[in-house]
Structure formats: C-alpha cells, structure tokens
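**Student:** My file is work-v9.txt. It has compact mmCIF, C-alpha atoms:
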# COMPACT_ATOMS: atom_id res chain seq x y z
CA MET A 1 16.95 14.36 3.50
CA ILE A 2 15.76 15.08 7.05
CA GLY A 3 18.73 13.12 8.35
CA GLN A 4 18.35 10.25 5.90
CA LYS A 5 21.39 8.71 4.19
CA ARG A 6 20.88 9.08 0.44
CA ILE A 7 22.64 7.54 -2.55
CA ARG A 8 25.21 10.37 -2.77
CA ASP A 9 26.18 9.68 0.83
CA TYR A 10 27.46 6.30 -0.39
CA GLY A 11 29.82 8.03 -2.83
CA VAL A 12 27.55 7.54 -5.84
CA LYS A 13 27.25 10.53 -8.16
CA ILE A 14 24.67 10.13 -10.91
CA GLY A 15 25.16 11.94 -14.22
CA ARG A 16 26.88 15.17 -15.16
CA LEU A 17 24.54 17.93 -13.98
CA GLU A 18 24.53 19.42 -10.49
CA PRO A 19 21.57 18.86 -8.18
CA GLY A 20 19.51 21.66 -6.64
CA ARG A 21 19.90 22.93 -3.10
CA ILE A 22 18.36 19.89 -1.38
CA ASN A 23 18.33 17.60 -4.44
CA ALA A 24 14.56 17.19 -4.42
CA ILE A 25 11.45 18.01 -6.41
CA THR A 26 10.88 20.86 -3.97
CA ASP A 27 13.92 22.65 -5.36
CA VAL A 28 11.41 23.89 -7.93
CA LYS A 29 10.12 27.02 -6.22
CA GLY A 30 6.58 26.67 -4.85
CA VAL A 31 6.45 22.87 -4.96
CA THR A 32 5.79 21.15 -1.64
CA VAL A 33 5.19 17.52 -0.61
CA GLY A 34 3.16 15.97 2.19
CA HIS A 35 2.88 12.37 3.45
CA VAL A 36 0.59 10.39 5.69
CA THR A 37 2.07 7.00 6.64
CA LEU A 38 -0.11 4.12 7.85
CA SER A 39 2.09 1.34 9.20
CA ASN A 40 0.89 -1.32 11.62
CA LYS A 41 1.15 -5.06 10.91
CA ASN A 42 -1.18 -5.78 7.92
CA MET A 43 -1.61 -2.06 7.30
CA GLN A 44 1.38 -0.82 5.27
CA THR A 45 0.20 2.00 3.05
CA GLY A 46 -0.41 5.73 2.90
CA VAL A 47 -0.75 8.80 0.72
CA THR A 48 1.63 11.37 -0.73
CA ALA A 49 0.47 14.79 -1.91
CA ILE A 50 2.35 17.14 -4.26
CA LEU A 51 1.30 20.80 -4.35
CA PRO A 52 2.54 22.34 -7.62
CA HIS A 53 2.38 25.92 -6.31
CA GLN A 54 1.18 27.73 -3.21
CA GLY A 55 -1.65 29.69 -4.82
CA ASN A 56 -5.07 28.52 -5.96
CA ILE A 57 -4.19 26.04 -8.68
CA PHE A 58 -7.77 25.82 -9.97
CA LYS A 59 -7.72 29.55 -10.70
CA GLU A 60 -4.07 29.55 -11.77
CA LYS A 61 -3.53 26.37 -13.74
CA LEU A 62 -0.15 25.10 -14.92
CA ILE A 63 1.10 23.70 -18.21
CA ALA A 64 1.05 19.92 -17.71
CA SER A 65 1.38 16.63 -19.55
CA SER A 66 1.35 12.90 -18.95
CA HIS A 67 3.01 9.98 -20.68
CA VAL A 68 2.44 6.23 -20.46
CA ILE A 69 5.49 4.03 -20.96
CA ASN A 70 3.61 0.84 -20.05
CA GLY A 71 -0.08 1.16 -19.28
CA PHE A 72 -0.52 -1.39 -16.49
CA GLY A 73 -1.82 1.33 -14.17
CA LYS A 74 -4.93 3.08 -12.90
CA THR A 75 -4.31 6.82 -12.89
CA MET A 76 -7.15 9.35 -12.76
CA GLY A 77 -7.43 12.66 -14.56
CA THR A 78 -4.85 12.17 -17.29
CA ILE A 79 -7.41 12.13 -20.15
CA GLN A 80 -8.38 15.77 -19.62
CA MET A 81 -4.73 16.66 -18.99
CA ALA A 82 -3.83 15.21 -22.39
CA GLU A 83 -6.65 17.16 -24.06
CA LEU A 84 -6.17 20.57 -22.42
CA GLY A 85 -2.53 20.42 -21.39
CA THR A 86 -3.13 21.88 -17.93
CA LEU A 87 -3.07 20.88 -14.26
CA GLU A 88 -5.73 22.32 -11.92
CA THR A 89 -5.38 20.28 -8.71
CA PRO A 90 -2.60 18.94 -6.49
CA ILE A 91 -1.32 15.46 -7.40
CA LEU A 92 -2.03 12.52 -5.10
CA LEU A 93 -0.25 9.15 -4.95
CA THR A 94 -1.62 6.15 -3.05
CA ASN A 95 -2.33 2.42 -3.46
CA THR A 96 -4.37 0.98 -6.31
CA LEU A 97 -7.62 0.31 -4.48
CA ASN A 98 -7.66 3.72 -2.77
CA VAL A 99 -7.66 5.78 -5.98
CA GLY A 100 -11.40 6.40 -5.63
CA THR A 101 -11.08 7.57 -2.04
CA ALA A 102 -8.19 9.85 -2.95
CA ALA A 103 -10.09 11.37 -5.87
CA ASP A 104 -13.20 11.97 -3.75
CA ALA A 105 -11.23 13.64 -0.97
CA LEU A 106 -9.27 15.75 -3.46
CA ILE A 107 -12.54 16.90 -5.04
CA ASP A 108 -13.82 17.93 -1.59
CA TYR A 109 -10.54 19.77 -0.96
CA MET A 110 -10.96 21.71 -4.20
CA LEU A 111 -14.68 22.41 -3.66
CA ALA A 112 -13.96 23.92 -0.24
CA ARG A 113 -11.49 26.36 -1.82
CA ASN A 114 -13.47 27.15 -4.97
CA LEU A 115 -17.15 27.78 -4.31
CA GLU A 116 -17.83 28.45 -7.99
CA ILE A 117 -17.05 24.84 -9.04
CA GLY A 118 -20.29 23.18 -10.15
CA ARG A 119 -22.22 26.44 -9.77
CA THR A 120 -20.97 29.22 -12.01
CA THR A 121 -18.17 27.31 -13.68
CA GLY A 122 -17.44 23.70 -14.65
CA THR A 123 -16.30 20.82 -12.49
CA VAL A 124 -12.74 19.88 -11.52
CA ASN A 125 -10.25 17.30 -12.77
CA PRO A 126 -8.48 15.52 -9.85
CA ILE A 127 -5.11 13.92 -10.59
CA VAL A 128 -4.37 10.66 -8.77
CA GLY A 129 -1.66 8.05 -9.39
CA GLU A 130 -1.17 4.64 -7.82
CA CYS A 131 0.97 1.56 -7.34
CA ASN A 132 -0.03 -1.85 -5.99
CA ASP A 133 1.24 -2.48 -2.43
CA MET A 134 -0.68 -5.74 -1.84
CA PHE A 135 2.38 -7.84 -0.95
CA LEU A 136 3.06 -5.93 2.28
CA ASN A 137 -0.33 -4.23 2.70
CA ASP A 138 -3.79 -5.77 3.07
CA ILE A 139 -4.98 -3.70 0.13
CA ARG A 140 -8.56 -5.03 0.30
CA GLU A 141 -9.07 -3.20 3.59
CA LYS A 142 -8.60 0.18 1.87
CA PHE A 143 -7.00 1.73 4.94
CA VAL A 144 -6.53 5.19 3.40
CA LYS A 145 -9.48 7.40 4.33
CA ASP A 146 -10.59 10.93 3.46
CA GLU A 147 -8.98 12.38 6.57
CA HIS A 148 -5.59 10.93 5.62
CA ILE A 149 -5.81 12.53 2.17
CA LEU A 150 -6.72 15.91 3.60
CA GLN A 151 -3.98 15.67 6.23
CA ALA A 152 -1.38 15.06 3.52
CA LEU A 153 -2.69 17.96 1.44
CA GLU A 154 -2.80 20.37 4.35
CA ASN A 155 0.64 19.54 5.77
CA THR A 156 3.03 19.80 2.85
CA SER A 157 6.60 21.06 3.13
CA SER A 158 9.71 21.76 1.10
CA GLU A 159 11.39 19.03 3.17
CA CYS A 160 10.56 15.70 1.55
CA LYS A 161 11.09 12.50 3.52
CA GLU A 162 11.91 9.46 1.37
CA GLY A 163 11.70 5.69 1.46
CA THR A 164 9.09 3.91 3.58
CA VAL A 165 6.76 6.86 3.91
CA GLY A 166 3.38 8.02 2.59
CA ALA A 167 2.29 6.21 -0.56
CA GLY A 168 5.64 4.38 -0.52
CA THR A 169 5.05 2.64 2.82
CA GLY A 170 4.17 -0.76 1.32
CA MET A 171 5.96 -0.56 -2.02
CA LEU A 172 8.75 -2.82 -3.32
CA CYS A 173 11.59 -1.98 -5.69
CA TYR A 174 14.02 -4.42 -7.29
CA SER A 175 12.68 -7.16 -4.95
CA LEU A 176 13.67 -5.03 -1.94
CA LYS A 177 11.83 -2.36 0.00
CA GLY A 178 11.05 0.63 -2.21
CA GLY A 179 8.91 3.73 -1.87
CA ILE A 180 9.31 7.48 -2.26
CA GLY A 181 12.46 8.97 -3.78
CA THR A 182 13.31 12.39 -5.15
CA ALA A 183 16.12 14.30 -6.86
CA SER A 184 16.71 17.44 -8.92
CA ARG A 185 19.03 18.93 -11.52
CA ILE A 186 20.05 22.50 -12.35
CA MET A 187 19.94 23.54 -16.01
CA GLU A 188 22.03 26.57 -16.94
CA MET A 189 20.99 28.11 -20.25
CA ASP A 190 21.86 31.38 -21.98
CA HIS A 191 18.59 32.94 -20.85
CA GLY A 192 18.56 31.72 -17.25
CA LYS A 193 19.04 29.02 -14.64
CA TYR A 194 16.25 26.48 -14.22
CA THR A 195 15.46 23.42 -12.12
CA MET A 196 14.18 19.96 -13.01
CA GLY A 197 12.73 18.04 -10.06
CA VAL A 198 11.52 14.44 -9.93
CA LEU A 199 9.63 12.45 -7.31
CA VAL A 200 9.03 8.73 -7.76
CA LEU A 201 6.81 6.12 -6.17
CA SER A 202 8.92 3.04 -6.90
CA ASN A 203 7.36 -0.41 -6.98
CA PHE A 204 9.03 -2.29 -9.84
CA GLY A 205 11.96 -4.46 -10.92
CA ILE A 206 13.75 -7.65 -9.85
CA LEU A 207 16.93 -7.70 -7.78
CA SER A 208 19.20 -9.27 -10.38
CA ASP A 209 18.53 -6.36 -12.78
CA LEU A 210 19.50 -3.57 -10.37
CA ARG A 211 22.40 -1.44 -11.57
CA ILE A 212 24.01 1.55 -9.90
CA ASN A 213 26.05 3.74 -12.21
CA GLY A 214 26.41 0.73 -14.49
CA LYS A 215 27.59 -1.63 -11.74
CA ALA A 216 25.60 -4.87 -11.44
CA VAL A 217 24.95 -4.45 -7.71
CA GLY A 218 21.71 -6.42 -7.87
CA GLN A 219 23.35 -9.51 -9.30
CA GLU A 220 26.08 -9.28 -6.68
CA LEU A 221 23.49 -9.07 -3.92
CA LYS A 222 21.42 -11.90 -5.39
CA GLU A 223 24.43 -14.19 -5.34
CA ALA A 224 25.17 -13.22 -1.73
CA ILE A 225 21.62 -13.77 -0.47
CA ILE A 226 19.81 -17.09 -0.22
CA GLN A 227 16.22 -16.06 -0.92
CA SER A 228 13.14 -18.28 -0.99
CA TYR A 229 10.89 -15.85 -2.85
CA LYS A 230 10.47 -15.76 -6.62
CA GLU A 231 11.86 -12.78 -8.48
CA GLU A 232 8.85 -11.32 -10.21
CA ASP A 233 8.08 -7.82 -11.46
CA LYS A 234 4.38 -7.09 -11.04
CA GLY A 235 4.71 -3.58 -9.71
CA SER A 236 4.74 -0.11 -11.20
CA ILE A 237 6.33 3.29 -10.90
CA MET A 238 4.80 6.74 -10.82
CA VAL A 239 7.17 9.51 -11.87
CA ILE A 240 6.20 13.11 -11.07
CA VAL A 241 8.25 15.73 -12.92
CA ALA A 242 8.27 19.40 -11.91
CA THR A 243 10.19 22.19 -13.57
CA ASP A 244 10.30 25.98 -13.77
CA LEU A 245 11.52 25.78 -17.34
CA PRO A 246 9.23 27.78 -19.68
CA VAL A 247 7.86 25.15 -22.06
CA SER A 248 4.78 24.41 -24.11
CA GLU A 249 2.70 21.32 -23.34
CA ARG A 250 4.23 19.65 -26.40
CA GLN A 251 7.77 20.39 -25.20
CA LEU A 252 6.94 19.21 -21.69
CA ASN A 253 5.62 15.94 -23.07
CA ARG A 254 8.86 15.42 -24.99
CA ILE A 255 10.82 16.06 -21.79
CA ILE A 256 8.89 13.73 -19.48
CA LYS A 257 9.16 10.89 -22.02
CA ARG A 258 12.92 10.93 -21.42
CA SER A 259 12.44 9.85 -17.81
CA VAL A 260 12.56 6.33 -19.24
CA THR A 261 16.31 6.75 -19.76
CA GLY A 262 16.75 7.12 -16.00
CA LEU A 263 14.59 4.07 -15.28
CA SER A 264 16.57 2.01 -17.77
CA ARG A 265 19.91 2.98 -16.24
CA THR A 266 18.77 1.54 -12.90
CA GLY A 267 18.04 -1.75 -14.68
CA SER A 268 14.35 -1.56 -15.58
CA ILE A 269 13.29 -3.40 -18.74
CA ILE A 270 9.66 -2.18 -18.46
CA THR A 271 8.08 -5.59 -17.96
CA ASN A 272 4.60 -6.72 -18.98
CA GLY A 273 3.10 -6.40 -15.50
CA SER A 274 4.71 -3.11 -14.55
CA GLY A 275 2.94 0.21 -15.12
CA GLU A 276 5.21 3.19 -15.81
CA VAL A 277 3.27 6.45 -15.82
CA ILE A 278 4.77 9.94 -15.91
CA ILE A 279 3.02 13.19 -14.94
CA GLY A 280 4.81 16.49 -15.44
CA PHE A 281 4.12 20.18 -14.95
CA SER A 282 5.88 23.52 -15.40
CA THR A 283 5.47 26.38 -12.93
CA ALA A 284 6.81 28.95 -15.40
CA THR A 285 3.41 29.95 -16.76
CA LYS A 286 0.11 30.23 -14.91
CA ILE A 287 -3.05 29.89 -17.00
CA PRO A 288 -6.01 31.85 -15.56
CA HIS A 289 -9.26 29.93 -15.17
CA GLU A 290 -11.29 32.98 -16.17
CA LYS A 291 -10.88 34.13 -19.77
CA PRO A 292 -8.95 37.41 -19.86
CA GLU A 293 -9.72 40.25 -22.28
CA HIS A 294 -6.35 39.89 -23.97
CA CYS A 295 -4.54 36.96 -25.55
CA LEU A 296 -2.33 34.85 -23.31
CA VAL A 297 1.40 35.32 -23.70
CA MET A 298 3.51 32.24 -22.91
CA HIS A 299 7.26 31.94 -23.14
CA GLN A 300 8.92 28.73 -24.25
CA ILE A 301 12.46 27.60 -24.83
CA HIS A 302 13.91 26.93 -28.26
CA GLU A 303 14.10 23.32 -29.38
CA GLU A 304 17.89 23.56 -29.32
CA ASP A 305 17.66 23.85 -25.51
CA MET A 306 15.77 20.58 -25.17
CA ASP A 307 18.74 18.24 -24.93
CA LEU A 308 19.78 19.74 -21.60
CA ALA A 309 16.26 19.21 -20.25
CA PHE A 310 16.31 15.63 -21.57
CA ARG A 311 19.54 14.98 -19.71
CA ALA A 312 18.24 16.61 -16.53
CA VAL A 313 15.03 14.57 -16.32
CA GLY A 314 16.85 11.30 -17.00
CA GLU A 315 19.50 11.95 -14.35
CA ALA A 316 16.97 13.11 -11.75
CA THR A 317 14.73 10.10 -12.38
CA GLU A 318 17.65 7.68 -12.03
CA GLU A 319 18.80 9.25 -8.77
CA ALA A 320 15.26 9.47 -7.38
CA VAL A 321 14.78 5.71 -7.88
CA LEU A 322 18.07 4.95 -6.13
CA ASN A 323 17.16 7.31 -3.28
CA SER A 324 13.84 5.50 -2.87
CA LEU A 325 15.77 2.24 -2.45
CA VAL A 326 18.57 3.35 -0.19
CA THR A 327 16.38 5.34 2.24
CA ALA A 328 13.74 2.62 2.66
CA GLU A 329 13.35 0.67 5.89
CA ALA A 330 12.71 -3.08 6.11
CA VAL A 331 9.02 -3.94 6.59
CA VAL A 332 7.13 -6.99 7.82
CA GLY A 333 3.55 -6.64 6.65
CA ARG A 334 0.52 -8.62 5.56
CA ASP A 335 0.57 -12.28 6.62
CA GLY A 336 4.19 -11.90 7.71
CA ASN A 337 5.36 -10.99 4.20
CA LYS A 338 8.59 -9.05 4.35
CA ARG A 339 11.15 -7.29 2.25
CA PRO A 340 14.65 -6.27 3.39
CA ALA A 341 16.07 -2.77 3.19
CA PHE A 342 18.77 -2.17 0.60
CA LYS A 343 20.87 -0.20 3.09
CA ASP A 344 20.87 -3.11 5.55
CA LEU A 345 22.05 -5.54 2.88
CA ILE A 346 24.82 -3.17 1.78
CA GLU A 347 26.17 -3.17 5.31
CA GLU A 348 25.60 -6.89 6.01
CA PHE A 349 27.34 -8.11 2.87
CA ASN A 350 29.85 -5.27 2.61
CA ILE A 351 28.67 -4.32 -0.89
CA SER A 352 30.46 -1.41 -2.56
CA LEU A 353 28.25 0.83 -4.69
CA THR A 354 31.15 2.52 -6.48
Kindly return the structure encoded in the file as structure tokens.

**Tutor:**
Amino acid sequence: MIGQKRIRDYGVKIGRLEPGRINAITDVKGVTVGHVTLSNKNMQTGVTAILPHQGNIFKEKLIASSHVINGFGKTMGTIQMAELGTLETPILLTNTLNVGTAADALIDYMLARNLEIGRTTGTVNPIVGECNDMFLNDIREKFVKDEHILQALENTSSECKEGTVGAGTGMLCYSLKGGIGTASRIMEMDHGKYTMGVLVLSNFGILSDLRINGKAVGQELKEAIIQSYKEEDKGSIMVIVATDLPVSERQLNRIIKRSVTGLSRTGSIITNGSGEVIIGFSTATKIPHEKPEHCLVMHQIHEEDMDLAFRAVGEATEEAVLNSLVTAEAVVGRDGNKRPAFKDLIEEFNISLT
C-alpha cells in the first residue's frame, strides 16, 4: 500500500476469499488509520491510531469485544469492554511503557469533543494496546508524548502504511523486523456483502518457525544466514479486527477468537512470553450514549453464517502478519541492536515464497 510491495506482490495468495478494494482494515467503511513514527538512533517507536467511524464514537458507540489468547500483555480498557460489549473511543497502539501516556492523551482527546464527560454523564473508557519494542528502542525514555498521540488521532486516513511505521517502528517479528500489517476479506452472504478487516502490530515468533502458505521459509532462511543472536520469542501481537457484519457482542467474540488460526498458519505456537490480544468491533450497529425512548433494535446474522466470518478473520490475520514482515525496513536501534528486513533477505538469498 502507498507504493509498498506486499505479500501478494511476491505471488503469495493467502486463503480462498477475495480481499477488499485495498486489502486493508480501512476497507470497512468509516475506518481510518493514523501513524506517528519516531525513528532516530536509540529512538525507534511510535503510535498508531484506529478510528472506528467518522462520527462521535462516545455518543455513537459500537458493538465490541476483546479476547486474550495469551495474557502476557498490558492493554487498557478491555475490562469495561468485556462487561458492556461496546467501544466508545478510538483504539491506540504503542509501546509497553507508553500505555499511560497514550491513555491520558486519548482521554484529553475525548474530553475536548464531549464536554458532558465527567459533568452530566459518566467518564470514558480509553482503549490502548501495546507491544514491547525494547530491543530496538530505548523504551525507558518513553519517547511517545501527548502531541504524538494527538497527531496520530487527528491525521488518520483510509490509506494505511505498513511495516516500520507508527507503533510498529521498533517491533520484531519472527526474529526479523516486524511492525504494522493489514489485510481484508469480502464475505458474500444471502443477505448482503460484508467486509472483515484486520490490522496487526506484530512483535512475536522465531525465524525457524516462519511459514508462508505452509512452506517452511523461516527454516530455509535460518540455514542460509549465519546469525549470532539467540532465537527467542519474548514479544507479542495486537490484532485489531473491524467488520461491518451485523453481529451481537457474543458473535463478535466468537469471530475474533478465530484470528488464532491465522497466527498459527504463519508459524506461531503462542509461546510463554508472547502476549496475543485481540480487539474487535462491528460498525453495523451504533449504540446511542443517551437512552432513547424506545427499545434498541439490532440486527445479527444467523449462526449458520458464522463459518464464513471465521474463515475471513483467519485469512485476513494471516495475510496481515505476512504484510507486516514483508513491508518492514531494516533498523539499527538502541545500542546498535539491529534486525534485518525480510524483503532484503528474500532478495539476497534468492528465497522463493511460493
């Protein structure tokens, strides 16, 4: 995207379903993404913002759910999401030690747009996810500031740059450079055509486990490269799922759980030190903040339609991870620590992905 060479450009087609127009989470109408990238020597970090729709999300909440595959992570806001089943703020992704800064800035962003918060109505539940970028980034310095958060929130777009950008600037994936990746799938049902979009912040896995469409590309690369560093998975992945499919919170939770199938097909075994956290939302139904006089009417698909959604989220997650790898740029960061770019190794060692 935006001139980047993605996994499909290498002849790799993931799954059976067709992607959306730009094969991104922003194929779901109304969803936009913004990044602020901070890259300079020991500073290799940033923030990524996802706006679920273009209205006032506090006043028009969305059906939402979260799921923890492995809980080695530090998300914020998912407790209330699990209780109420709604999303009322944009979603922010950043590094582990900047979660507090991100939450504070997101609260300020929401307060400025909703003067009733904390006065005539309740407070607000900010949603923030993280991964640990300490290998390439001097995470103790907490480089991400309020202004970076607000800049990401205020400059979102349907065009979504991938790889070494935003929150993905300092992340690793399968022992190589990782970061932001996205993909989408179209679901054609009897009652309409719908989109499943996924965005990942990839920071997990060891090289020898990497598989592309079942091919052991990671093992092939490992044998070709003489590396001095230890293969060790101490990272995480955040998976953000967006859809316009009309679903209940319970159905959405069932769907986002299936993102694990996409992670597994890339080679992930969900290790002890890796946090896999999924956050999903549906734009099909808007829940008013103020109680209406009448009962809410919400459409939802039949359970017999769920298998197609399960397939879509798995395929989109798998492709998003691979896009995060293949679009990433090599980085030299904190104390000279470095990780190569997958695309450079493909070319250097003439590795076929098909």

**Student:** With only C-alpha atoms as the basis for distance, which of A:Lys161, A:Lys145, A:Lys61, A:Arg185 is at the shortest distance from Met1 in chain A?

**Tutor:**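 The shortest atom-to-atom distance to Met1 in chain A comes from A:Lys161.
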
**Student:** Could you check the closest approach to Thr78 in chain A for each of A:Ile279, A:Leu93, A:Ile107, A:Ile269 and tell me which residue wins, using all atoms listed in the file?

**Tutor:** A:Ile279

**Student:** Given only C-alpha atoms as the basis, pick out the residue of A:Ser352, A:Asn272, A:Gln251, A:Asn155 nearest to Leu51 in chain A.

**Tutor:** A:Asn155

**Student:** I'd like the neighbourhood of range 285-287 of chain A as number ranges by chain, where a residue qualifies if any of its atoms comes within 7 Å (using all atoms listed in the file), though same-chain residues fewer than 6 positions away should be ignored.

**Tutor:** A: 60-63, 246, 298

**Student:** Restricted to C-alpha atoms, what would the selected residues look like written as a PDB file, in the frame of the given file?

**Tutor:**
ATOM      1  CA  GLU A  60      -4.070  29.550 -11.770  1.00  0.00           C
ATOM      2  CA  LYS A  61      -3.530  26.370 -13.740  1.00  0.00           C
ATOM      3  CA  LEU A  62      -0.150  25.100 -14.920  1.00  0.00           C
ATOM      4  CA  ILE A  63       1.100  23.700 -18.210  1.00  0.00           C
ATOM      5  CA  PRO A 246       9.230  27.780 -19.680  1.00  0.00           C
ATOM      6  CA  MET A 298       3.510  32.240 -22.910  1.00  0.00           C
TER       7      MET A 298
END

**Student:** Taking all atoms listed in the file into account, name the residue in A:Ser259, A:Thr89, A:Thr195, A:Asn70 that is nearest to Leu17 in chain A.

**Tutor:**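 Going through A:Ser259, A:Thr89, A:Thr195, A:Asn70 one by one, the smallest distance to Leu17 in chain A is for A:Thr195.
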
**Student:** Could you write range 196-220 of chain A as a PDB file, in the coordinates of the input, with N, CA and C atoms rebuilt where they are missing?

**Tutor:**
ATOM      1  N   MET A 196      14.998  21.132 -12.679  1.00  0.00           N
ATOM      2  CA  MET A 196      14.180  19.960 -13.010  1.00  0.00           C
ATOM      3  C   MET A 196      14.111  19.092 -11.765  1.00  0.00           C
ATOM      4  N   GLY A 197      12.907  18.873 -11.248  1.00  0.00           N
ATOM      5  CA  GLY A 197      12.730  18.040 -10.060  1.00  0.00           C
ATOM      6  C   GLY A 197      11.906  16.812 -10.355  1.00  0.00           C
ATOM      7  N   VAL A 198      12.248  15.708  -9.720  1.00  0.00           N
ATOM      8  CA  VAL A 198      11.520  14.440  -9.930  1.00  0.00           C
ATOM      9  C   VAL A 198      11.208  13.805  -8.579  1.00  0.00           C
ATOM     10  N   LEU A 199      10.005  13.291  -8.454  1.00  0.00           N
ATOM     11  CA  LEU A 199       9.630  12.450  -7.310  1.00  0.00           C
ATOM     12  C   LEU A 199       9.071  11.155  -7.866  1.00  0.00           C
ATOM     13  N   VAL A 200       9.529  10.023  -7.309  1.00  0.00           N
ATOM     14  CA  VAL A 200       9.030   8.730  -7.760  1.00  0.00           C
ATOM     15  C   VAL A 200       8.361   7.966  -6.639  1.00  0.00           C
ATOM     16  N   LEU A 201       7.388   7.163  -7.029  1.00  0.00           N
ATOM     17  CA  LEU A 201       6.810   6.120  -6.170  1.00  0.00           C
ATOM     18  C   LEU A 201       7.237   4.811  -6.811  1.00  0.00           C
ATOM     19  N   SER A 202       8.290   4.195  -6.246  1.00  0.00           N
ATOM     20  CA  SER A 202       8.920   3.040  -6.900  1.00  0.00           C
ATOM     21  C   SER A 202       8.361   1.725  -6.390  1.00  0.00           C
ATOM     22  N   ASN A 203       7.983   0.874  -7.333  1.00  0.00           N
ATOM     23  CA  ASN A 203       7.360  -0.410  -6.980  1.00  0.00           C
ATOM     24  C   ASN A 203       7.540  -1.385  -8.137  1.00  0.00           C
ATOM     25  N   PHE A 204       8.783  -1.530  -8.610  1.00  0.00           N
ATOM     26  CA  PHE A 204       9.030  -2.290  -9.840  1.00  0.00           C
ATOM     27  C   PHE A 204      10.383  -2.991  -9.763  1.00  0.00           C
ATOM     28  N   GLY A 205      10.632  -3.898 -10.708  1.00  0.00           N
ATOM     29  CA  GLY A 205      11.960  -4.460 -10.920  1.00  0.00           C
ATOM     30  C   GLY A 205      12.264  -5.711 -10.095  1.00  0.00           C
ATOM     31  N   ILE A 206      13.254  -6.488 -10.581  1.00  0.00           N
ATOM     32  CA  ILE A 206      13.750  -7.650  -9.850  1.00  0.00           C
ATOM     33  C   ILE A 206      15.211  -7.414  -9.483  1.00  0.00           C
ATOM     34  N   LEU A 207      15.624  -7.993  -8.379  1.00  0.00           N
ATOM     35  CA  LEU A 207      16.930  -7.700  -7.780  1.00  0.00           C
ATOM     36  C   LEU A 207      18.083  -7.895  -8.753  1.00  0.00           C
ATOM     37  N   SER A 208      18.064  -8.963  -9.514  1.00  0.00           N
ATOM     38  CA  SER A 208      19.200  -9.270 -10.380  1.00  0.00           C
ATOM     39  C   SER A 208      19.413  -8.233 -11.478  1.00  0.00           C
ATOM     40  N   ASP A 209      18.406  -7.395 -11.750  1.00  0.00           N
ATOM     41  CA  ASP A 209      18.530  -6.360 -12.780  1.00  0.00           C
ATOM     42  C   ASP A 209      19.100  -5.046 -12.257  1.00  0.00           C
ATOM     43  N   LEU A 210      19.115  -4.862 -10.953  1.00  0.00           N
ATOM     44  CA  LEU A 210      19.500  -3.570 -10.370  1.00  0.00           C
ATOM     45  C   LEU A 210      20.934  -3.181 -10.704  1.00  0.00           C
ATOM     46  N   ARG A 211      21.084  -1.982 -11.240  1.00  0.00           N
ATOM     47  CA  ARG A 211      22.400  -1.440 -11.570  1.00  0.00           C
ATOM     48  C   ARG A 211      22.536  -0.048 -10.964  1.00  0.00           C
ATOM     49  N   ILE A 212      23.723   0.226 -10.441  1.00  0.00           N
ATOM     50  CA  ILE A 212      24.010   1.550  -9.900  1.00  0.00           C
ATOM     51  C   ILE A 212      25.222   2.108 -10.610  1.00  0.00           C
ATOM     52  N   ASN A 213      24.992   3.165 -11.374  1.00  0.00           N
ATOM     53  CA  ASN A 213      26.050   3.740 -12.210  1.00  0.00           C
ATOM     54  C   ASN A 213      26.712   2.677 -13.092  1.00  0.00           C
ATOM     55  N   GLY A 214      25.915   1.769 -13.602  1.00  0.00           N
ATOM     56  CA  GLY A 214      26.410   0.730 -14.490  1.00  0.00           C
ATOM     57  C   GLY A 214      26.920  -0.518 -13.796  1.00  0.00           C
ATOM     58  N   LYS A 215      27.081  -0.469 -12.483  1.00  0.00           N
ATOM     59  CA  LYS A 215      27.590  -1.630 -11.740  1.00  0.00           C
ATOM     60  C   LYS A 215      26.441  -2.581 -11.407  1.00  0.00           C
ATOM     61  N   ALA A 216      26.643  -3.858 -11.636  1.00  0.00           N
ATOM     62  CA  ALA A 216      25.600  -4.870 -11.440  1.00  0.00           C
ATOM     63  C   ALA A 216      25.473  -5.227  -9.953  1.00  0.00           C
ATOM     64  N   VAL A 217      25.066  -4.262  -9.163  1.00  0.00           N
ATOM     65  CA  VAL A 217      24.950  -4.450  -7.710  1.00  0.00           C
ATOM     66  C   VAL A 217      23.880  -5.472  -7.376  1.00  0.00           C
ATOM     67  N   GLY A 218      22.787  -5.477  -8.134  1.00  0.00           N
ATOM     68  CA  GLY A 218      21.710  -6.420  -7.870  1.00  0.00           C
ATOM     69  C   GLY A 218      22.129  -7.863  -8.035  1.00  0.00           C
ATOM     70  N   GLN A 219      22.874  -8.143  -9.079  1.00  0.00           N
ATOM     71  CA  GLN A 219      23.350  -9.510  -9.300  1.00  0.00           C
ATOM     72  C   GLN A 219      24.309  -9.926  -8.198  1.00  0.00           C
ATOM     73  N   GLU A 220      25.144  -8.999  -7.770  1.00  0.00           N
ATOM     74  CA  GLU A 220      26.080  -9.280  -6.680  1.00  0.00           C
ATOM     75  C   GLU A 220      25.332  -9.592  -5.395  1.00  0.00           C
TER      76      GLU A 220
END
